[in-house]
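Reproduced below: entry-v9.cif, with mmCIF, C-alpha atoms.
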data_structure
#
loop_
_atom_site.label_atom_id
_atom_site.label_comp_id
_atom_site.auth_asym_id
_atom_site.auth_seq_id
_atom_site.Cartn_x
_atom_site.Cartn_y
_atom_site.Cartn_z
CA MET A 653 0.00 0.00 0.00
CA ARG A 654 1.44 3.35 -1.07
CA PRO A 655 1.86 5.95 1.68
CA THR A 656 -0.69 8.75 1.67
CA ILE A 657 0.21 12.43 1.48
CA GLU A 658 -0.50 12.67 5.20
CA ASP A 659 1.79 9.71 5.92
CA THR A 660 4.64 11.25 3.92
CA ARG A 661 4.27 14.67 5.52
CA THR A 662 4.14 13.12 8.98
CA ARG A 663 7.36 11.24 8.22
CA LEU A 664 9.05 14.38 6.91
CA CYS A 665 7.94 16.35 9.95
CA ALA A 666 9.48 13.70 12.23
CA LEU A 667 12.88 13.81 10.51
CA PRO A 668 15.64 15.52 12.51
CA LYS A 669 16.59 18.48 10.36
CA ILE A 670 19.28 21.06 9.70
CA ASP A 671 18.69 24.56 8.34
CA LEU A 672 21.85 26.36 7.25
CA HIS A 673 20.14 29.24 5.45
CA ARG A 674 17.50 31.02 7.51
CA HIS A 675 17.28 34.79 7.97
CA LEU A 676 16.24 36.15 11.34
CA GLU A 677 14.58 39.13 9.67
CA GLY A 678 12.44 36.76 7.58
CA SER A 679 11.34 34.63 10.53
CA LEU A 680 8.93 36.88 12.44
CA ARG A 681 5.57 35.62 13.68
CA LEU A 682 2.63 37.65 12.40
CA GLN A 683 1.09 37.69 15.88
CA THR A 684 4.30 39.17 17.27
CA LEU A 685 4.39 41.81 14.53
CA ALA A 686 0.84 42.82 15.30
CA GLU A 687 1.58 43.09 19.02
CA ILE A 688 4.77 45.11 18.48
CA ALA A 689 2.99 47.44 16.03
CA GLN A 690 0.21 48.00 18.56
CA GLU A 691 2.45 48.44 21.60
CA HIS A 692 4.85 50.85 19.93
CA GLU A 693 2.34 52.57 17.64
CA ILE A 694 4.34 51.80 14.52
CA ASP A 695 3.00 53.84 11.62
CA LEU A 696 1.67 51.24 9.19
CA PRO A 697 -1.27 51.06 6.75
CA ALA A 698 -2.70 48.33 9.01
CA ARG A 699 -1.98 46.53 12.28
CA ALA A 700 -4.42 43.61 12.22
CA ILE A 701 -2.84 40.28 11.31
CA LYS A 702 -4.96 39.78 8.20
CA ASP A 703 -3.96 43.26 6.95
CA LEU A 704 -0.30 42.92 7.96
CA ARG A 705 0.09 39.65 6.08
CA PRO A 706 0.36 41.09 2.53
CA LEU A 707 2.90 43.67 3.73
CA VAL A 708 5.38 41.10 5.02
CA THR A 709 4.45 37.80 3.35
CA VAL A 710 4.60 36.77 -0.29
CA GLY A 711 1.06 35.93 -1.40
CA GLY A 712 -0.32 35.83 -4.89
CA GLU A 713 2.09 38.38 -6.38
CA GLU A 714 4.01 37.67 -9.53
CA PRO A 715 7.47 36.29 -8.69
CA ASP A 716 9.91 39.18 -8.44
CA PHE A 717 13.28 39.43 -6.70
CA HIS A 718 13.06 43.12 -5.82
CA ARG A 719 9.47 42.84 -4.58
CA PHE A 720 10.64 40.01 -2.32
CA LEU A 721 13.40 42.23 -0.92
CA GLU A 722 10.83 44.98 -0.24
CA LYS A 723 9.33 42.81 2.51
CA PHE A 724 12.55 43.27 4.50
CA ARG A 725 12.26 47.05 4.28
CA VAL A 726 8.87 46.86 5.97
CA LEU A 727 10.16 44.43 8.58
CA ARG A 728 12.97 46.80 9.60
CA ARG A 729 10.35 48.84 11.42
CA PHE A 730 9.62 46.11 13.96
CA TYR A 731 12.76 46.28 16.11
CA PRO A 732 12.00 49.29 18.33
CA THR A 733 13.50 47.97 21.58
CA ARG A 734 15.92 45.44 23.03
CA GLU A 735 12.94 43.41 24.24
CA ALA A 736 11.49 43.27 20.73
CA VAL A 737 14.79 42.14 19.19
CA GLU A 738 15.26 39.46 21.83
CA ARG A 739 11.67 38.25 21.52
CA ILE A 740 11.85 37.97 17.73
CA THR A 741 15.17 36.11 17.93
CA TYR A 742 13.96 33.72 20.63
CA GLU A 743 10.81 32.91 18.67
CA ALA A 744 12.76 32.29 15.45
CA VAL A 745 14.83 29.60 17.17
CA ALA A 746 11.81 28.16 18.99
CA ASP A 747 9.85 27.90 15.73
CA ALA A 748 12.73 26.03 14.10
CA ALA A 749 12.80 23.61 17.03
CA ASP A 750 9.04 23.06 16.68
CA ASP A 751 9.73 21.80 13.14
CA ASN A 752 12.29 19.33 14.54
CA VAL A 753 15.25 21.37 13.30
CA ARG A 754 18.04 20.07 15.53
CA TYR A 755 20.80 22.34 14.20
CA LEU A 756 20.22 25.88 12.94
CA GLU A 757 22.49 28.55 11.54
CA LEU A 758 20.51 31.76 11.83
CA ARG A 759 21.85 34.71 9.89
CA PHE A 760 21.04 38.27 10.83
CA ASN A 761 21.92 41.77 9.71
CA PRO A 762 22.87 43.96 12.70
CA VAL A 763 22.38 47.06 10.54
CA ALA A 764 18.77 46.06 9.83
CA LEU A 765 18.13 45.66 13.55
CA ALA A 766 19.96 48.80 14.60
CA ARG A 767 19.93 51.55 11.99
CA ALA A 768 16.34 52.82 12.22
CA GLN A 769 16.55 53.12 16.01
CA GLY A 770 20.16 54.22 16.28
CA PHE A 771 21.26 51.22 18.36
CA PRO A 772 24.98 50.37 18.41
CA LEU A 773 25.78 47.34 16.26
CA GLU A 774 27.59 45.67 19.18
CA GLU A 775 24.51 45.98 21.38
CA VAL A 776 22.01 44.45 18.96
CA THR A 777 24.46 41.63 18.27
CA ARG A 778 24.73 40.97 21.98
CA TRP A 779 20.92 40.94 22.29
CA VAL A 780 20.62 38.41 19.48
CA CYS A 781 23.33 36.18 20.96
CA ARG A 782 21.68 36.30 24.36
CA ALA A 783 18.24 35.36 22.99
CA VAL A 784 19.67 32.46 20.97
CA GLU A 785 21.45 31.12 24.04
CA ARG A 786 18.21 31.25 26.04
CA ALA A 787 16.19 29.58 23.25
CA GLN A 788 18.72 26.75 23.05
CA ARG A 789 18.35 26.10 26.77
CA ASP A 790 14.57 25.96 26.48
CA HIS A 791 14.29 23.87 23.30
CA ASP A 792 15.86 20.77 21.75
CA ILE A 793 18.05 22.62 19.28
CA ARG A 794 21.62 23.76 18.72
CA ALA A 795 21.97 27.14 17.02
CA ASN A 796 24.82 29.28 15.75
CA LEU A 797 24.77 32.74 14.20
CA ILE A 798 26.02 34.25 10.95
CA VAL A 799 26.44 38.02 10.63
CA GLN A 800 25.05 39.24 7.33
CA ILE A 801 26.50 42.13 5.36
CA GLY A 802 24.36 43.84 2.72
CA ARG A 803 25.85 44.27 -0.74
CA ASP A 804 24.62 47.87 -0.69
CA GLU A 805 26.65 48.75 2.42
CA THR A 806 29.96 50.62 2.30
CA VAL A 807 33.22 48.74 2.71
CA GLU A 808 33.71 50.63 5.98
CA THR A 809 30.41 49.34 7.36
CA ALA A 810 31.28 45.85 6.17
CA GLY A 811 34.57 46.04 8.03
CA GLU A 812 32.76 47.16 11.19
CA LEU A 813 30.32 44.26 10.92
CA ALA A 814 33.20 41.82 10.47
CA ARG A 815 34.81 43.18 13.64
CA VAL A 816 31.51 42.81 15.50
CA ALA A 817 31.24 39.22 14.30
CA LEU A 818 34.77 38.42 15.41
CA ALA A 819 34.15 39.98 18.82
CA HIS A 820 31.17 37.65 19.37
CA ARG A 821 32.72 34.34 18.36
CA ASP A 822 32.53 33.09 21.93
CA ALA A 823 28.83 33.99 21.99
CA GLY A 824 27.90 31.82 19.01
CA VAL A 825 28.80 33.85 15.90
CA VAL A 826 30.51 31.49 13.46
CA GLY A 827 30.47 33.19 10.08
CA LEU A 828 29.90 36.07 7.68
CA ASP A 829 27.38 36.27 4.86
CA LEU A 830 27.08 38.68 1.93
CA ALA A 831 23.47 39.16 0.82
CA GLY A 832 21.22 41.53 -1.07
CA ASP A 833 20.82 42.68 -4.64
CA GLU A 834 23.48 40.81 -6.62
CA GLU A 835 22.20 42.31 -9.87
CA ARG A 836 23.16 45.85 -8.84
CA PHE A 837 25.97 45.39 -6.30
CA PRO A 838 29.05 43.26 -6.99
CA ALA A 839 30.87 41.32 -4.29
CA SER A 840 34.36 42.42 -5.30
CA PRO A 841 34.53 45.57 -3.09
CA PHE A 842 34.25 43.30 -0.01
CA LYS A 843 37.06 40.95 -0.99
CA ASN A 844 39.55 42.14 1.65
CA VAL A 845 36.94 42.26 4.43
CA PHE A 846 35.94 38.65 3.86
CA ARG A 847 39.49 37.41 3.37
CA ARG A 848 40.62 39.01 6.62
CA ALA A 849 37.64 37.53 8.48
CA ARG A 850 38.36 34.12 6.98
CA GLY A 851 41.98 34.39 8.06
CA GLU A 852 40.88 35.19 11.62
CA GLY A 853 38.71 32.10 11.88
CA LEU A 854 35.24 33.08 10.67
CA HIS A 855 33.49 30.95 8.06
CA VAL A 856 32.10 32.49 4.87
CA THR A 857 28.89 32.01 2.90
CA VAL A 858 27.78 34.31 0.07
CA HIS A 859 24.44 34.79 -1.68
CA ALA A 860 25.30 34.35 -5.35
CA GLY A 861 23.84 32.83 -8.49
CA GLU A 862 20.33 33.32 -7.13
CA VAL A 863 19.07 35.75 -9.76
CA GLY A 864 22.51 36.80 -11.04
CA SER A 865 24.93 35.08 -13.39
CA PRO A 866 27.16 32.08 -12.60
CA ALA A 867 30.09 34.53 -12.64
CA ASN A 868 28.82 35.79 -9.28
CA VAL A 869 29.29 32.31 -7.83
CA GLU A 870 32.83 32.17 -9.18
CA GLU A 871 33.56 35.62 -7.70
CA ALA A 872 32.24 34.51 -4.30
CA ILE A 873 34.43 31.39 -4.27
CA GLU A 874 37.60 32.84 -5.76
CA ASP A 875 37.60 36.35 -4.29
CA LEU A 876 35.64 36.06 -1.03
CA GLN A 877 36.72 32.47 -0.25
CA ALA A 878 33.14 31.28 0.21
CA GLU A 879 32.79 27.78 1.63
CA ARG A 880 29.06 27.76 0.95
CA ILE A 881 26.89 29.56 -1.59
CA GLY A 882 23.45 30.88 -0.74
CA HIS A 883 21.16 29.55 -3.49
CA GLY A 884 23.59 29.19 -6.43
CA VAL A 885 20.85 27.80 -8.66
CA ARG A 886 22.12 29.70 -11.74
CA CYS A 887 25.48 27.89 -11.62
CA LEU A 888 24.25 25.26 -14.10
CA ALA A 889 24.49 27.80 -16.92
CA ASP A 890 28.29 27.57 -16.79
CA PRO A 891 30.02 24.15 -16.67
CA HIS A 892 33.23 25.83 -15.53
CA VAL A 893 31.49 27.16 -12.42
CA VAL A 894 29.88 23.78 -11.75
CA GLU A 895 33.33 22.20 -11.85
CA LEU A 896 34.73 24.91 -9.57
CA ILE A 897 31.99 24.19 -7.01
CA ARG A 898 32.82 20.48 -7.17
CA GLU A 899 36.60 20.96 -6.97
CA ARG A 900 36.38 23.32 -3.96
CA ASN A 901 33.85 21.11 -2.17
CA VAL A 902 31.48 24.07 -1.87
CA THR A 903 27.98 23.39 -0.54
CA LEU A 904 24.94 25.06 -2.10
CA GLU A 905 22.24 26.32 0.28
CA VAL A 906 19.13 25.75 -1.83
CA CYS A 907 15.78 27.27 -0.76
CA PRO A 908 13.07 25.97 -3.15
CA THR A 909 10.04 28.08 -2.19
CA SER A 910 12.06 31.28 -2.03
CA ASN A 911 13.61 30.50 -5.43
CA VAL A 912 10.16 30.39 -7.02
CA GLN A 913 8.88 33.49 -5.21
CA THR A 914 11.88 35.59 -6.24
CA GLY A 915 11.68 34.39 -9.84
CA ALA A 916 15.09 32.71 -9.59
CA VAL A 917 13.35 29.68 -11.11
CA GLN A 918 10.05 29.66 -12.99
CA ASP A 919 8.23 27.05 -10.93
CA PHE A 920 8.85 24.07 -8.69
CA TRP A 921 8.82 21.41 -11.37
CA ARG A 922 11.55 23.27 -13.28
CA HIS A 923 13.71 23.77 -10.20
CA PRO A 924 17.34 22.68 -10.80
CA LEU A 925 17.62 20.79 -7.48
CA PRO A 926 17.36 17.35 -9.16
CA ASP A 927 20.08 18.31 -11.66
CA LEU A 928 22.35 19.67 -8.92
CA LEU A 929 22.04 16.36 -7.07
CA ALA A 930 22.49 14.31 -10.24
CA LEU A 931 25.77 16.15 -10.90
CA GLY A 932 27.03 15.09 -7.48
CA LEU A 933 27.20 18.62 -6.07
CA ARG A 934 26.92 19.14 -2.34
CA VAL A 935 23.44 20.50 -1.65
CA SER A 936 21.50 21.40 1.49
CA ILE A 937 17.78 22.24 1.56
CA ASN A 938 16.71 25.27 3.60
CA THR A 939 13.88 27.71 4.30
CA ASP A 940 15.49 31.13 3.64
CA ASP A 941 12.65 33.23 5.15
CA PRO A 942 9.94 31.12 6.78
CA SER A 943 7.53 33.95 7.56
CA ILE A 944 7.95 35.86 4.29
CA SER A 945 7.53 32.65 2.29
CA ASP A 946 4.97 31.10 4.67
CA THR A 947 6.97 27.88 4.81
CA THR A 948 8.71 25.42 7.12
CA LEU A 949 11.58 23.06 6.46
CA THR A 950 9.05 20.22 6.39
CA ASP A 951 7.25 22.13 3.63
CA GLU A 952 10.52 22.51 1.69
CA TYR A 953 11.17 18.76 1.89
CA TRP A 954 7.60 18.07 0.83
CA VAL A 955 7.72 20.32 -2.24
CA ALA A 956 11.08 18.79 -3.21
CA MET A 957 9.53 15.32 -3.11
CA SER A 958 6.12 16.11 -4.58
CA ALA A 959 7.04 18.62 -7.30
CA MET A 960 10.67 17.75 -8.08
CA ARG A 961 10.53 13.97 -7.54
CA ILE A 962 13.34 14.09 -4.99
CA THR A 963 13.40 10.84 -3.01
CA LEU A 964 13.35 10.48 0.75
CA GLU A 965 16.86 9.06 0.60
CA GLN A 966 18.05 12.16 -1.25
CA ILE A 967 16.43 14.33 1.41
CA LYS A 968 18.30 12.39 4.08
CA ARG A 969 21.60 12.73 2.21
CA ALA A 970 21.03 16.49 1.95
CA ILE A 971 20.57 16.63 5.73
CA VAL A 972 23.87 14.80 6.28
CA THR A 973 25.53 17.09 3.73
CA ALA A 974 24.27 20.06 5.75
CA ALA A 975 25.81 18.57 8.90
CA GLU A 976 29.15 18.13 7.13
CA ALA A 977 29.00 21.71 5.80
CA SER A 978 27.98 23.33 9.07
CA PHE A 979 30.16 26.13 10.41
CA GLN A 980 31.41 24.24 13.45
CA PRO A 981 34.83 22.93 14.50
CA ARG A 982 35.81 19.84 12.51
CA GLU A 983 35.33 17.43 15.42
CA ASP A 984 31.86 18.81 16.18
CA ARG A 985 30.89 18.53 12.51
CA GLY A 986 32.02 14.93 12.44
CA ARG A 987 30.12 14.00 15.58
CA MET A 988 26.97 15.72 14.39
CA ALA A 989 27.10 14.14 10.94
CA ALA A 990 27.53 10.71 12.53
CA TRP A 991 24.55 11.33 14.82
CA PHE A 992 22.34 12.37 11.89
CA ARG A 993 23.39 9.32 9.87
CA ARG A 994 22.36 7.03 12.70
CA GLU A 995 19.07 8.82 13.36
CA LEU A 996 18.12 9.05 9.69
CA GLN A 997 18.97 5.40 9.06
CA SER A 998 16.48 4.35 11.69
CA GLY A 999 13.85 6.91 10.72
#
Kindly return the structure encoded in the file as structure tokens.
Amino acid sequence: MRPTIEDTRTRLCALPKIDLHRHLEGSLRLQTLAEIAQEHEIDLPARAIKDLRPLVTVGGEEPDFHRFLEKFRVLRRFYPTREAVERITYEAVADAADDNVRYLELRFNPVALARAQGFPLEEVTRWVCRAVERAQRDHDIRANLIVQIGRDETVETAGELARVALAHRDAGVVGLDLAGDEERFPASPFKNVFRRARGEGLHVTVHAGEVGSPANVEEAIEDLQAERIGHGVRCLADPHVVELIRERNVTLEVCPTSNVQTGAVQDFWRHPLPDLLALGLRVSINTDDPSISDTTLTDEYWVAMSAMRITLEQIKRAIVTAAEASFQPREDRGRMAAWFRRELQSG
């Protein structure tokens, strides 16, 4: 007897999971947004949940990368106090744990949390670290943090963010990310910032090849020394870049629902995930922005299986790949990967 849709989703929900590519600023509960807007009288067209939803969540709009990014500009208005930042961070980790994510790398942009209110970058970073530590104690999850730098920032700001990240390594910050509009802002100005951070022990991931050309992926690997690539779905257009990814053992952080909503791919059944796996590239499956995309990691696994014909065994291999690519010390990575292999074999 073939398993029903409910049976398959229940099994996927029960899998121990890893999410390497999840943005804090795209992980806010609508109820929390409504409460913060009410409490702090944030000037918005609406404050009720049903009216807030279209402002911060992708609904029936045509796929568009820049429209997707606009959601973050609205969300920057919801960090008015330390308590709000800590609450949002705590809930993001708790929601991941509720989906049986056992290891999470949560990336956040201190500028997004700080600039509108004039908070020091060091302070908001400390608030985020503190909330993550508390959420880990309360839930069955291990979480680390990645400091995100926007491509539209100055090199000076990028250098400051790298220093903030380095100063909080003992508080759970493990890496740097470059994100934002890759069509308008190249990565090359940040080469020295990322290379210095890499030399001082931080890991590096870079958003590239999402809506831009494969050359952006090559630039991220060669110039910024990226160990992982956020999305990278456009790499298949250039065999040279595909080979570079394979040679350097780079892991792609694929986020299926987000890729469709941004227009990076046309629809789920044309998503390149099956081809990336068939080529033997290292691939992890992630959520990107759970609240903006109205998704969970279980949902991402489900759409990969139902629309892309990815098998359960391939899902499990992607989870182990994520463990092996996690930004942890080598011994911790090895132990975690071994644990996931055992758990997934029996699941």
- Task: Could you tell me which residues the PyMOL selection byres ((chain A and resi 887-890) around 10) grabs in this file, written as number ranges by chain?
- Result: A: 860-862, 864-870, 883-886, 891-897, 904, 924, 927-928, 931
- Local residues around (21.4, 23.2, 10.3), at most 10 Å away, using all atoms listed in the file, as JSON, numbers by chain: {"A": [668, 669, 670, 671, 672, 673, 674, 748, 753, 754, 755, 756, 757, 758, 793, 794, 795, 796, 936, 937, 938, 971, 972, 973, 974, 975, 976, 977, 978, 979]}
- Message: What's around segment 801-805 of chain A at 9 Å? Count all atoms listed in the file, leave out sequence neighbours fewer than 6 positions away in its own chain, and write the answer as a list in words.
- Response: Phe760, Asn761, Pro762, Val763, Leu813, Ala814, Leu828, Asp829, Leu830, Ala831, Gly832, Asp833, Glu834, Arg836, Phe837, Pro838, Ala839 and Phe842 of chain A
- Task: Would you kindly return, as an NGL selection string, each protein, DNA or RNA residue with an atom no farther than 12 Å from any atom of His718 of chain A, considering all atoms listed in the file and excluding same-chain residues fewer than 4 positions away?
- Result: :A and (710 or 713-714 or 722-725 or 832-836 or 863 or 913-916)
- Item | Nearest to Ser910 of chain A by atom-to-atom distance, counting all atoms listed in the file, from A:Gly811, A:Gly882, A:Gly851, A:Pro926 | A:Gly882
- the PyMOL selection byres ((chain A and resi 678) around 8) on the file shown: which residues, as a PyMOL selection string? chain A and resi 674-677+679-680+724+940-944
- Query: Which of these residues is nearest to Trp954 of chain A, using all atoms listed in the file: A:Ala689, A:Ile967, A:Asn901, A:Glu812?
  - Reply: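 Looking at the shortest contact to Trp954 of chain A, the residue is A:Ile967.
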- Query: Care to translate the PyMOL selection byres ((chain A and resi 747) around 10) into actual residues of this file, as a list in words?
  - Reply: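 Taken over the shown coordinates, the PyMOL selection byres ((chain A and resi 747) around 10) returns Ser679, Leu680, Arg681, Tyr742, Glu743, Ala744, Val745, Ala746, Ala748, Ala749, Asp750, Asp751, Asn752, Val753, Ala787, His791, Pro942 and Thr948 of chain A.
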- For Val780 of chain A, which residue out of A:Leu854, A:Val807, A:Val737, A:Leu933 is the nearest one, using only C-alpha atoms?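 The closest residue to Val780 of chain A is A:Val737.
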- Note on the structure: One decimal place gives the atom CA of Tyr953 of chain A-atom CA of Leu996 of chain A separation as 14.3 Å
